[in-house]
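Participant: Supplied structure: model.tsv, TSV, C-alpha atoms.
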```
chain	number	residue	atom	x	y	z
U	1	MET	CA	65.11	82.56	14.50
U	2	ALA	CA	63.65	81.01	17.65
U	3	GLN	CA	64.30	83.07	20.83
U	4	ASN	CA	65.21	81.27	24.11
U	5	VAL	CA	62.63	82.34	26.70
U	6	VAL	CA	63.45	81.87	30.40
U	7	SER	CA	61.65	82.71	33.61
U	8	VAL	CA	62.76	85.42	36.00
U	9	SER	CA	63.89	82.80	38.49
U	10	GLN	CA	65.89	80.96	35.83
U	11	LEU	CA	67.57	84.21	34.78
U	12	ASN	CA	68.44	85.16	38.34
U	13	GLU	CA	69.80	81.67	39.03
U	14	TYR	CA	71.83	81.84	35.82
U	15	ILE	CA	73.30	85.19	36.76
U	16	ARG	CA	74.01	83.96	40.30
U	17	GLY	CA	75.83	80.96	38.86
U	18	LYS	CA	77.94	83.23	36.71
U	19	LEU	CA	78.79	85.44	39.65
U	20	ASP	CA	79.48	82.53	41.98
U	21	GLY	CA	81.79	81.00	39.41
U	22	ASP	CA	83.89	84.14	39.08
U	23	ALA	CA	87.10	83.71	41.07
U	24	LEU	CA	87.47	87.45	41.63
U	25	LEU	CA	83.94	87.91	42.93
U	26	SER	CA	83.99	84.84	45.20
U	27	GLY	CA	86.65	86.33	47.44
U	28	ILE	CA	86.67	90.10	47.11
U	29	ALA	CA	87.44	92.97	49.46
U	30	VAL	CA	85.47	96.17	48.95
U	31	ARG	CA	86.37	99.54	50.42
U	32	GLY	CA	83.56	102.00	51.18
U	33	GLU	CA	81.57	104.01	53.70
U	34	LEU	CA	78.87	102.34	55.81
U	35	SER	CA	75.32	103.58	55.31
U	36	ASN	CA	71.85	102.45	56.44
U	37	TYR	CA	73.44	100.01	58.87
U	38	LYS	CA	70.78	97.90	60.63
U	39	VAL	CA	70.92	94.89	62.92
U	40	TYR	CA	67.77	92.78	62.87
U	41	PRO	CA	66.45	90.63	65.73
U	42	SER	CA	67.62	87.58	63.83
U	43	GLY	CA	71.20	88.76	64.33
U	44	HIS	CA	71.80	89.47	60.65
U	45	HIS	CA	73.36	92.80	59.66
U	46	TYR	CA	72.17	94.69	56.57
U	47	PHE	CA	73.95	97.76	55.24
U	48	THR	CA	75.11	99.66	52.18
U	49	LEU	CA	78.67	100.37	51.09
U	50	LYS	CA	79.04	103.58	49.13
U	51	ASP	CA	81.64	105.89	47.68
U	52	GLU	CA	81.38	109.17	45.84
U	53	ALA	CA	79.64	107.64	42.81
U	54	SER	CA	78.08	104.26	43.63
U	55	ALA	CA	76.47	102.09	46.29
U	56	LEU	CA	76.48	98.36	47.00
U	57	LYS	CA	73.97	96.45	49.10
U	58	CYS	CA	75.53	94.11	51.63
U	59	VAL	CA	74.48	91.51	54.17
U	60	MET	CA	76.42	89.88	57.01
U	61	PHE	CA	74.76	86.87	58.53
U	62	LYS	CA	74.76	86.28	62.29
U	63	SER	CA	77.37	83.50	62.06
U	64	SER	CA	79.86	86.05	60.66
U	65	ALA	CA	78.68	89.08	62.64
U	66	VAL	CA	79.46	87.47	66.02
U	67	ARG	CA	83.14	87.56	65.07
U	68	LEU	CA	83.21	91.33	64.65
U	69	ARG	CA	85.78	92.99	66.93
U	70	PHE	CA	84.17	96.44	66.73
U	71	ARG	CA	80.70	97.94	66.46
U	72	PRO	CA	80.04	99.17	62.89
U	73	GLU	CA	78.37	102.57	62.64
U	74	ASN	CA	77.10	104.72	59.81
U	75	GLY	CA	79.81	106.87	58.27
U	76	MET	CA	82.67	104.50	59.09
U	77	LYS	CA	85.25	103.77	56.40
U	78	VAL	CA	85.60	99.99	56.23
U	79	ILE	CA	86.90	97.17	54.10
U	80	ALA	CA	84.30	94.41	53.73
U	81	MET	CA	85.46	90.93	52.65
U	82	GLY	CA	83.13	88.34	51.12
U	83	LYS	CA	81.61	87.28	47.83
U	84	ILE	CA	79.31	88.90	45.26
U	85	SER	CA	76.15	86.97	44.48
U	86	VAL	CA	72.52	87.49	43.49
U	87	TYR	CA	69.60	87.36	45.87
U	88	PRO	CA	67.15	85.53	43.62
U	89	ARG	CA	64.00	86.82	45.25
U	90	ASP	CA	64.77	90.48	44.52
U	91	GLY	CA	66.98	89.94	41.49
U	92	VAL	CA	69.71	92.23	42.84
U	93	TYR	CA	73.33	91.42	43.41
U	94	GLN	CA	74.90	92.15	46.79
U	95	LEU	CA	77.97	91.51	48.83
U	96	TYR	CA	77.68	88.62	51.25
U	97	CYS	CA	80.09	89.91	53.86
U	98	ALA	CA	82.11	87.35	55.83
U	99	SER	CA	84.35	89.82	57.72
U	100	MET	CA	84.94	93.51	58.10
U	101	ALA	CA	87.81	95.74	59.20
U	102	MET	CA	88.21	99.45	59.75
U	103	ASP	CA	89.86	101.15	56.81
U	104	GLY	CA	93.25	102.50	57.83
U	105	ILE	CA	93.27	100.98	61.38
U	106	GLY	CA	92.85	97.47	62.68
U	107	ASP	CA	89.46	96.27	63.82
U	108	LEU	CA	90.87	95.37	67.25
U	109	TYR	CA	92.10	98.91	67.72
U	110	ALA	CA	88.75	100.26	66.62
U	111	ALA	CA	86.97	97.95	69.07
U	112	PHE	CA	89.35	99.07	71.82
U	113	GLU	CA	88.65	102.76	71.18
U	114	GLN	CA	84.89	102.20	71.01
U	115	LEU	CA	84.77	100.28	74.29
U	116	LYS	CA	87.10	102.80	75.93
U	117	ALA	CA	84.80	105.68	74.96
U	118	LYS	CA	81.71	103.76	76.10
U	119	LEU	CA	83.10	102.82	79.52
U	120	SER	CA	84.55	106.28	80.06
U	121	ALA	CA	81.10	107.77	79.47
U	122	GLN	CA	79.70	105.33	82.04
U	123	GLY	CA	82.20	106.56	84.64
U	124	LEU	CA	84.27	103.37	84.96
U	125	PHE	CA	87.52	105.33	84.67
U	126	ASP	CA	86.57	107.98	87.23
U	127	PRO	CA	89.55	108.60	89.58
U	128	ALA	CA	87.12	109.29	92.45
U	129	HIS	CA	86.06	105.62	92.34
U	130	LYS	CA	89.57	104.22	92.69
U	131	LYS	CA	90.38	102.65	96.05
U	132	PRO	CA	93.67	103.01	97.93
U	133	LEU	CA	95.84	99.92	98.17
U	134	PRO	CA	96.45	98.36	101.60
U	135	LYS	CA	99.90	99.26	102.89
U	136	TYR	CA	100.57	95.83	104.38
U	137	PRO	CA	98.25	93.29	102.65
U	138	GLY	CA	97.74	90.09	104.59
U	139	THR	CA	96.54	88.13	101.55
U	140	ILE	CA	97.05	88.86	97.85
U	141	GLY	CA	94.93	87.14	95.23
U	142	ILE	CA	96.47	86.69	91.76
U	143	VAL	CA	94.05	86.19	88.87
U	144	THR	CA	96.14	84.81	86.00
U	145	SER	CA	97.19	81.64	84.27
U	146	SER	CA	98.89	79.08	86.48
U	147	ALA	CA	101.06	77.95	83.56
U	148	GLY	CA	102.50	81.30	82.56
U	149	ALA	CA	105.89	82.72	83.49
U	150	ALA	CA	104.23	85.85	84.89
U	151	VAL	CA	102.82	84.09	87.96
U	152	HIS	CA	106.22	82.64	88.86
U	153	ASP	CA	107.85	86.05	88.56
U	154	MET	CA	105.21	87.58	90.84
U	155	LEU	CA	105.52	84.80	93.43
U	156	ARG	CA	109.29	85.14	93.46
U	157	ILE	CA	109.17	88.92	93.95
U	158	LEU	CA	106.43	88.76	96.60
U	159	ARG	CA	108.38	86.16	98.61
U	160	LYS	CA	111.54	88.23	98.35
U	161	ARG	CA	110.02	91.61	99.18
U	162	TYR	CA	107.44	90.74	101.80
U	163	PRO	CA	107.28	87.08	102.91
U	164	LEU	CA	104.68	87.90	105.57
U	165	THR	CA	101.92	88.16	102.97
U	166	ARG	CA	99.88	85.11	101.92
U	167	VAL	CA	99.44	84.56	98.19
U	168	LEU	CA	96.31	82.95	96.75
U	169	LEU	CA	96.33	81.93	93.08
U	170	LEU	CA	93.01	82.03	91.22
U	171	PRO	CA	93.93	80.21	87.97
U	172	VAL	CA	92.10	81.28	84.81
U	173	ARG	CA	92.63	81.23	81.07
U	174	VAL	CA	94.03	84.54	79.91
U	175	GLN	CA	93.38	84.28	76.18
U	176	GLY	CA	90.71	82.78	74.00
U	177	ALA	CA	86.94	83.10	73.89
U	178	GLU	CA	86.43	81.66	77.41
U	179	ALA	CA	89.07	83.85	79.07
U	180	PRO	CA	86.99	87.01	79.77
U	181	GLY	CA	84.24	85.06	81.52
U	182	GLU	CA	86.75	83.17	83.69
U	183	ILE	CA	88.64	86.33	84.65
U	184	ALA	CA	85.44	88.17	85.58
U	185	ALA	CA	84.14	85.16	87.52
U	186	ALA	CA	87.39	84.85	89.50
U	187	ILE	CA	87.25	88.53	90.51
U	188	ARG	CA	83.63	88.19	91.65
U	189	TYR	CA	84.43	84.93	93.48
U	190	ALA	CA	87.26	86.57	95.43
U	191	ASN	CA	84.94	89.44	96.39
U	192	HIS	CA	82.02	87.21	97.36
U	193	TYR	CA	84.13	85.21	99.82
U	194	GLN	CA	86.49	88.08	100.76
U	195	LEU	CA	89.49	85.93	99.92
U	196	ALA	CA	92.10	88.69	99.74
U	197	ASP	CA	93.03	92.22	100.73
U	198	LEU	CA	94.36	92.96	97.24
U	199	LEU	CA	93.93	91.47	93.77
U	200	ILE	CA	96.47	91.40	90.94
U	201	VAL	CA	94.80	90.73	87.58
U	202	GLY	CA	96.92	90.21	84.49
U	203	ARG	CA	99.22	88.11	82.36
U	204	GLY	CA	102.57	88.27	80.56
U	205	GLY	CA	103.24	89.96	77.26
U	206	GLY	CA	101.85	89.05	73.86
U	207	SER	CA	100.16	90.42	70.80
U	208	ILE	CA	97.03	92.53	70.96
U	209	GLU	CA	95.04	89.41	70.18
U	210	ASP	CA	96.69	87.57	73.09
U	211	LEU	CA	95.85	90.43	75.48
U	212	TRP	CA	92.32	90.93	74.19
U	213	ALA	CA	90.63	89.20	77.13
U	214	PHE	CA	91.58	92.24	79.23
U	215	ASN	CA	89.80	94.53	76.78
U	216	ASP	CA	86.48	92.83	77.47
U	217	GLU	CA	83.50	94.73	78.87
U	218	GLN	CA	82.54	92.08	81.45
U	219	VAL	CA	86.09	92.07	82.82
U	220	ALA	CA	85.98	95.86	83.06
U	221	HIS	CA	82.72	95.78	85.03
U	222	ALA	CA	84.01	93.03	87.34
U	223	ILE	CA	87.06	95.15	88.20
U	224	TYR	CA	84.91	98.25	88.66
U	225	ASP	CA	82.47	96.42	90.96
U	226	SER	CA	85.25	94.84	93.04
U	227	ARG	CA	85.27	95.90	96.69
U	228	ILE	CA	88.82	94.57	96.88
U	229	PRO	CA	91.43	96.96	95.39
U	230	VAL	CA	92.71	95.72	92.01
U	231	ILE	CA	96.10	96.14	90.33
U	232	SER	CA	96.02	95.59	86.56
U	233	ALA	CA	99.23	93.97	85.28
U	234	VAL	CA	98.85	93.11	81.60
U	235	GLY	CA	101.70	92.58	79.15
U	236	HIS	CA	104.70	94.86	78.89
U	237	GLU	CA	104.99	98.56	79.69
U	238	PRO	CA	103.81	99.83	76.25
U	239	ASP	CA	100.73	97.59	76.36
U	240	VAL	CA	97.60	99.38	77.57
U	241	THR	CA	94.28	97.59	78.06
U	242	ILE	CA	90.81	98.53	79.25
U	243	SER	CA	91.50	96.83	82.58
U	244	ASP	CA	94.39	99.27	83.12
U	245	TYR	CA	91.96	102.19	82.92
U	246	VAL	CA	89.39	100.62	85.26
U	247	ALA	CA	91.73	99.17	87.88
U	248	ASP	CA	92.67	101.06	91.04
U	249	LEU	CA	96.31	100.98	89.92
U	250	ARG	CA	98.03	100.09	86.66
U	251	ALA	CA	101.35	98.23	86.74
U	252	ALA	CA	103.71	98.25	83.77
U	253	THR	CA	104.31	94.50	84.04
U	254	PRO	CA	103.27	91.63	86.34
U	255	SER	CA	106.65	91.92	88.08
U	256	ASN	CA	106.05	95.62	88.62
U	257	ALA	CA	102.61	94.76	90.08
U	258	ALA	CA	104.27	92.54	92.69
U	259	GLU	CA	106.63	95.38	93.58
U	260	LEU	CA	103.74	97.84	93.92
U	261	ALA	CA	101.60	95.43	95.94
U	262	VAL	CA	103.89	94.98	98.94
U	263	PRO	CA	106.59	96.97	100.74
U	264	ASP	CA	110.26	95.94	100.57
U	265	GLN	CA	111.30	94.10	103.71
U	266	ASP	CA	114.85	95.49	103.45
U	267	ALA	CA	113.50	99.05	103.33
U	268	LEU	CA	111.19	98.24	106.26
U	269	ARG	CA	114.13	96.93	108.30
U	270	GLN	CA	116.13	100.07	107.53
U	271	ASN	CA	113.17	102.20	108.52
U	272	LEU	CA	112.71	100.24	111.76
U	273	ASP	CA	116.43	100.53	112.53
U	274	SER	CA	116.24	104.28	111.96
U	275	MET	CA	113.19	104.57	114.20
U	276	CYS	CA	114.88	102.44	116.87
U	277	MET	CA	117.94	104.71	116.81
U	278	ALA	CA	115.74	107.80	117.05
U	279	MET	CA	113.84	106.29	120.01
U	280	THR	CA	117.10	105.34	121.70
U	281	THR	CA	118.46	108.86	121.28
U	282	ALA	CA	115.25	110.38	122.63
U	283	LEU	CA	115.17	108.05	125.65
U	284	THR	CA	118.84	108.75	126.34
U	285	ARG	CA	118.13	112.50	126.40
U	286	GLN	CA	115.16	111.97	128.73
U	287	VAL	CA	117.19	109.79	131.12
U	288	LYS	CA	120.02	112.34	131.13
U	289	ALA	CA	117.61	115.19	131.90
U	290	ALA	CA	115.94	113.14	134.66
U	291	ARG	CA	119.33	112.31	136.18
U	292	GLN	CA	120.31	115.98	136.22
U	293	HIS	CA	117.02	116.88	137.83
U	294	LEU	CA	117.56	114.17	140.44
U	295	GLN	CA	120.99	115.56	141.21
U	296	VAL	CA	119.53	119.02	141.72
U	297	LEU	CA	116.89	117.60	144.05
U	298	SER	CA	119.40	115.53	145.97
U	299	GLY	CA	121.32	118.76	146.74
U	300	SER	CA	118.24	120.40	148.20
U	301	PRO	CA	118.50	121.34	151.95
U	302	ALA	CA	115.12	119.78	152.57
U	303	LEU	CA	116.46	116.38	151.56
U	304	GLN	CA	119.91	116.74	153.10
U	305	SER	CA	118.62	117.92	156.54
U	306	PRO	CA	114.83	117.88	156.95
U	307	THR	CA	114.90	119.23	160.56
U	308	GLY	CA	117.31	122.01	159.65
U	309	TYR	CA	115.15	122.91	156.69
U	310	LEU	CA	112.06	123.04	158.92
U	311	GLU	CA	113.89	125.19	161.50
U	312	GLN	CA	114.95	127.56	158.73
U	313	ARG	CA	111.40	127.79	157.48
U	314	ARG	CA	110.14	128.37	161.08
U	315	LYS	CA	112.55	131.28	161.54
U	316	SER	CA	111.48	132.73	158.21
U	317	LEU	CA	107.88	132.42	159.34
U	318	GLU	CA	108.61	134.19	162.66
U	319	LEU	CA	110.42	136.98	160.84
U	320	LEU	CA	107.49	137.39	158.53
U	321	GLN	CA	105.10	137.38	161.49
U	322	ASN	CA	107.09	140.09	163.27
U	323	ARG	CA	107.12	142.18	160.12
U	324	LEU	CA	103.35	141.82	159.81
U	325	VAL	CA	102.77	142.80	163.47
U	326	SER	CA	105.09	145.79	163.18
U	327	ALA	CA	103.36	146.91	159.99
U	328	GLU	CA	99.96	146.52	161.61
U	329	THR	CA	101.02	148.56	164.68
U	330	ARG	CA	102.35	151.37	162.49
U	331	THR	CA	99.13	151.35	160.49
U	332	VAL	CA	96.93	151.57	163.62
U	333	GLU	CA	98.99	154.42	165.03
U	334	ARG	CA	98.77	156.31	161.74
U	335	LYS	CA	95.00	155.83	161.63
U	336	ASN	CA	94.65	157.01	165.26
U	337	ARG	CA	96.54	160.20	164.47
U	338	GLN	CA	94.35	160.81	161.47
U	339	PHE	CA	91.25	160.22	163.61
U	340	ILE	CA	92.36	162.73	166.24
U	341	GLU	CA	93.10	165.33	163.59
U	342	LEU	CA	89.72	164.90	161.95
U	343	THR	CA	87.94	164.96	165.31
U	344	SER	CA	89.60	168.27	166.22
U	345	LYS	CA	88.59	169.77	162.90
U	346	LEU	CA	85.05	168.55	163.31
U	347	ASP	CA	84.84	169.90	166.92
U	348	ALA	CA	86.09	173.29	165.77
U	349	MET	CA	83.33	173.45	163.21
U	350	SER	CA	80.58	172.29	165.63
U	351	PRO	CA	77.71	174.81	166.36
U	352	LEU	CA	77.83	173.82	170.02
U	353	LYS	CA	81.35	175.22	170.22
U	354	VAL	CA	79.96	178.61	169.20
U	355	LEU	CA	77.36	178.48	172.01
U	356	THR	CA	80.12	178.29	174.65
U	357	ARG	CA	81.14	181.80	173.64
U	358	GLY	CA	77.76	183.32	174.67
U	359	TYR	CA	75.76	182.76	171.55
U	360	ALA	CA	72.29	181.09	171.49
U	361	LEU	CA	70.30	179.06	168.93
U	362	VAL	CA	66.65	180.17	168.59
U	363	ARG	CA	64.02	177.89	167.03
U	364	ARG	CA	60.28	177.93	166.64
U	365	GLU	CA	58.20	175.26	168.26
U	366	ASN	CA	58.21	173.27	165.02
U	367	GLY	CA	62.02	173.16	165.19
U	368	MET	CA	62.70	175.68	162.44
U	369	VAL	CA	65.81	177.76	163.16
U	370	LEU	CA	65.07	181.51	163.26
U	371	LYS	CA	67.37	183.65	161.17
U	372	SER	CA	65.26	186.81	160.98
U	373	VAL	CA	62.68	188.64	163.18
U	374	ARG	CA	60.36	188.46	160.23
U	375	GLN	CA	59.99	184.74	160.82
U	376	ILE	CA	58.21	185.19	164.18
U	377	GLU	CA	55.37	187.24	165.56
U	378	PRO	CA	54.71	188.47	169.12
U	379	GLY	CA	52.84	185.94	171.21
U	380	GLU	CA	54.49	182.91	169.59
U	381	ARG	CA	56.59	180.58	171.72
U	382	ILE	CA	60.25	179.97	170.95
U	383	LYS	CA	62.96	177.63	172.21
U	384	VAL	CA	66.38	179.02	173.02
U	385	SER	CA	69.39	176.64	173.12
U	386	LEU	CA	72.45	177.64	175.17
U	387	SER	CA	75.75	175.86	175.75
U	388	ASP	CA	74.53	174.18	178.92
U	389	GLY	CA	70.78	173.73	178.19
U	390	SER	CA	67.70	175.30	176.64
U	391	LEU	CA	64.90	177.78	177.53
U	392	THR	CA	61.29	178.03	176.42
U	393	ALA	CA	59.96	181.60	176.12
U	394	ALA	CA	57.21	183.68	174.57
U	395	VAL	CA	57.81	186.62	172.22
U	396	THR	CA	56.27	189.77	173.66
U	397	GLU	CA	57.70	192.24	171.22
U	398	LYS	CA	59.89	192.31	168.08
U	399	GLU	CA	62.03	195.09	166.76
U	400	ASN	CA	63.71	195.31	163.37
U	401	ALA	CA	67.37	196.17	163.17
U	402	GLU	CA	66.78	199.34	161.23
```
What's the structure tokens form of this structure?

Facilitator:
Amino acid sequence: MAQNVVSVSQLNEYIRGKLDGDALLSGIAVRGELSNYKVYPSGHHYFTLKDEASALKCVMFKSSAVRLRFRPENGMKVIAMGKISVYPRDGVYQLYCASMAMDGIGDLYAAFEQLKAKLSAQGLFDPAHKKPLPKYPGTIGIVTSSAGAAVHDMLRILRKRYPLTRVLLLPVRVQGAEAPGEIAAAIRYANHYQLADLLIVGRGGGSIEDLWAFNDEQVAHAIYDSRIPVISAVGHEPDVTISDYVADLRAATPSNAAELAVPDQDALRQNLDSMCMAMTTALTRQVKAARQHLQVLSGSPALQSPTGYLEQRRKSLELLQNRLVSAETRTVERKNRQFIELTSKLDAMSPLKVLTRGYALVRRENGMVLKSVRQIEPGERIKVSLSDGSLTAAVTEKENAE
């Protein structure tokens, strides 16, 4: 029996034809865990899908990889869709992956969580970076679609609440592949030319796919880099996008953004009326107090009769002068009496007073007062002071008292 001999290439091509012709294998979805995930400079992605018992080599070409909504990582549970075929050069079958989704959650949600974690780590959500909104914005820039209902709602509310503000519309596409670039460019354009005091960036409600432009990294960085405060107003209240986290303020809806952007003119009028009433009351009290003070002054004697007031003050001055003179006279007399008393006491204690009673003061020639005969010797000269003069004498003899 003759055996059919084929080359390796023929066998691989035969097997590939069999696999490509299998309806199940030409459009299959495989669940597994990512392993050995690598992205080559060419843009192609190579990886392995595995479970507890087996592994499957996979490839996703660049044309398919650019449509990924999340960043695949080793260990992720995914569902890979594509076809099973043979790579003839290596003679191994593999999955040619056309799309991929997270297992258990949508790929858009996975992409949202990945970008959220990345930007949070970079500090784009830091509350310290958020800028306060102007209280009375002169110009508000709205970055949204000019055809949507959201812009008309915002314009209506802004005109109603605060017609003094000027509104500048920066029309952009808010969904589709070109939308993120246009939104980011409009924000940077408004900053470059300082077109507004406040920016509202957003759109009306829709699906997560419709709102995806506001989950784009370049939009997030444009909002973060904006020197103009930004309000993010995307979708309805339950919708949360990356731009909501980065913006200086998140509004539940575009209409809510318009309400947050400007004050209410009715509330301002009420506040002004209240302040006006308070000022009127305060001024009335001041005028009343000033009038009462004027009445008190008008009753003053100085104003009613200036000459009489001066005469009264002159008499008061004379009375005060007389009191001062009288007090001074009494003080001088008291001091004189004290002086006489002290003089008498001093005169009574004076040594000269003693001399008038027959006593004498004897001193040596050097002025030393003699208190004892032992202080002088015969032959020395002495000076004797009496009440009416002094004598100079010589000691001829001394005699002790004993």

Participant: Could you check the closest approach to Val167 in chain U for each of U:Ala98, U:Val262, U:Ala213, U:Ala110 and tell me which residue wins, using all atoms listed in the file?

Facilitator: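 Closest residue, counting all atoms listed in the file: U:Val262.
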
Participant: Separation of CA of Ser390 in chain U and CA of Ile376 in chain U, in Å?

Facilitator: 18.5 Å

Participant: Please list as a PyMOL selection string every residue within 12 Å of Ser85 in chain U, counting only C-alpha atoms and excluding residues in the same chain fewer than 3 positions away.

Facilitator: chain U and resi 12-28+56-59+82+88+90-97

Participant: Using all atoms listed in the file, pick whichever of U:Ile382, U:Ile228, U:Leu34, U:Ile242 has the shortest atom-to-atom distance to Tyr193 in chain U.

Facilitator: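 Closest residue, counting all atoms listed in the file: U:Ile228.
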
Participant: Report as JSON the centre and the edge lengths, in Å to one decimal, of the axis-aligned box holding every listed atom of range 220-231 of chain U, padded by 4 Å on each side.

Facilitator:
```
{"center_x": 89.3, "center_y": 95.6, "center_z": 90.0, "size_x": 21.6, "size_y": 13.2, "size_z": 21.8}
```

Participant: Could you tell me how far CA of Tyr224 in chain U lies from CA of Gly123 in chain U, in Å and to one decimal?

Facilitator: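 So the answer is 9.6 Å.
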
Participant: Suppose you want the space between CA of Asn322 in chain U and CA of Ile340 in chain U; what is it in Å?

Facilitator: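 According to the coordinates, CA of Asn322 in chain U and CA of Ile340 in chain U are separated by 27.2 Å.
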
Participant: Choose the residue, out of U:Glu333, U:Asp225, U:Asp153, U:Glu397, that has the smallest atom-to-atom separation from Ala185 in chain U; count only C-alpha atoms.

Facilitator: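 Of all the options, U:Asp225 lies closest to Ala185 in chain U.
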
Participant: Please determine, counting only C-alpha atoms, which residue among U:Val8, U:Val30, U:Ala360, U:Ile84 has the shortest atom-to-atom distance to Met102 in chain U.

Facilitator: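 Residue with the minimum atom-to-atom distance to Met102 in chain U: U:Val30.
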
Participant: Show me, as an MDAnalysis selection string, the residues that have an atom within 7 Å of range 194-203 of chain U when counting all atoms listed in the file, minus same-chain residues fewer than 5 positions from it.

Facilitator: chainID U and resid 137:144 150 174 228:235 254

Participant: Can I get range 89-102 of chain U with N, CA, C and O atoms filled in, as a JSON list (two decimals), in the coordinates of the input?

Facilitator:
```
[["chain", "number", "residue", "atom", "x", "y", "z"],
["U", 89, "ARG", "N", 65.35, 86.31, 45.04],
["U", 89, "ARG", "CA", 64.00, 86.82, 45.25],
["U", 89, "ARG", "C", 63.84, 88.24, 44.72],
["U", 89, "ARG", "O", 62.82, 88.59, 44.10],
["U", 90, "ASP", "N", 64.85, 89.08, 44.94],
["U", 90, "ASP", "CA", 64.77, 90.48, 44.52],
["U", 90, "ASP", "C", 65.48, 90.73, 43.20],
["U", 90, "ASP", "O", 65.33, 91.81, 42.61],
["U", 91, "GLY", "N", 66.27, 89.77, 42.75],
["U", 91, "GLY", "CA", 66.98, 89.94, 41.49],
["U", 91, "GLY", "C", 68.05, 91.00, 41.55],
["U", 91, "GLY", "O", 68.35, 91.65, 40.54],
["U", 92, "VAL", "N", 68.64, 91.24, 42.70],
["U", 92, "VAL", "CA", 69.71, 92.23, 42.84],
["U", 92, "VAL", "C", 70.96, 91.53, 43.36],
["U", 92, "VAL", "O", 70.88, 90.56, 44.12],
["U", 93, "TYR", "N", 72.09, 92.00, 42.90],
["U", 93, "TYR", "CA", 73.33, 91.42, 43.41],
["U", 93, "TYR", "C", 73.75, 92.21, 44.66],
["U", 93, "TYR", "O", 73.45, 93.39, 44.81],
["U", 94, "GLN", "N", 74.45, 91.53, 45.54],
["U", 94, "GLN", "CA", 74.90, 92.15, 46.79],
["U", 94, "GLN", "C", 76.14, 91.45, 47.28],
["U", 94, "GLN", "O", 76.49, 90.35, 46.81],
["U", 95, "LEU", "N", 76.78, 92.09, 48.23],
["U", 95, "LEU", "CA", 77.97, 91.51, 48.83],
["U", 95, "LEU", "C", 77.55, 90.73, 50.07],
["U", 95, "LEU", "O", 76.93, 91.27, 50.99],
["U", 96, "TYR", "N", 77.90, 89.46, 50.07],
["U", 96, "TYR", "CA", 77.68, 88.62, 51.25],
["U", 96, "TYR", "C", 78.97, 88.70, 52.08],
["U", 96, "TYR", "O", 79.97, 88.06, 51.76],
["U", 97, "CYS", "N", 78.89, 89.55, 53.10],
["U", 97, "CYS", "CA", 80.09, 89.91, 53.86],
["U", 97, "CYS", "C", 80.42, 88.84, 54.89],
["U", 97, "CYS", "O", 79.58, 88.45, 55.70],
["U", 98, "ALA", "N", 81.65, 88.36, 54.85],
["U", 98, "ALA", "CA", 82.11, 87.35, 55.83],
["U", 98, "ALA", "C", 82.93, 87.99, 56.96],
["U", 98, "ALA", "O", 82.95, 87.47, 58.08],
["U", 99, "SER", "N", 83.57, 89.12, 56.69],
["U", 99, "SER", "CA", 84.35, 89.82, 57.72],
["U", 99, "SER", "C", 84.47, 91.29, 57.34],
["U", 99, "SER", "O", 84.23, 91.67, 56.20],
["U", 100, "MET", "N", 84.87, 92.07, 58.33],
["U", 100, "MET", "CA", 84.94, 93.51, 58.10],
["U", 100, "MET", "C", 86.04, 94.10, 58.98],
["U", 100, "MET", "O", 86.24, 93.65, 60.12],
["U", 101, "ALA", "N", 86.75, 95.07, 58.45],
["U", 101, "ALA", "CA", 87.81, 95.74, 59.20],
["U", 101, "ALA", "C", 87.71, 97.24, 58.95],
["U", 101, "ALA", "O", 87.24, 97.67, 57.90],
["U", 102, "MET", "N", 88.16, 98.01, 59.94],
["U", 102, "MET", "CA", 88.21, 99.45, 59.75],
["U", 102, "MET", "C", 89.25, 99.78, 58.68],
["U", 102, "MET", "O", 90.31, 99.16, 58.61]]
```
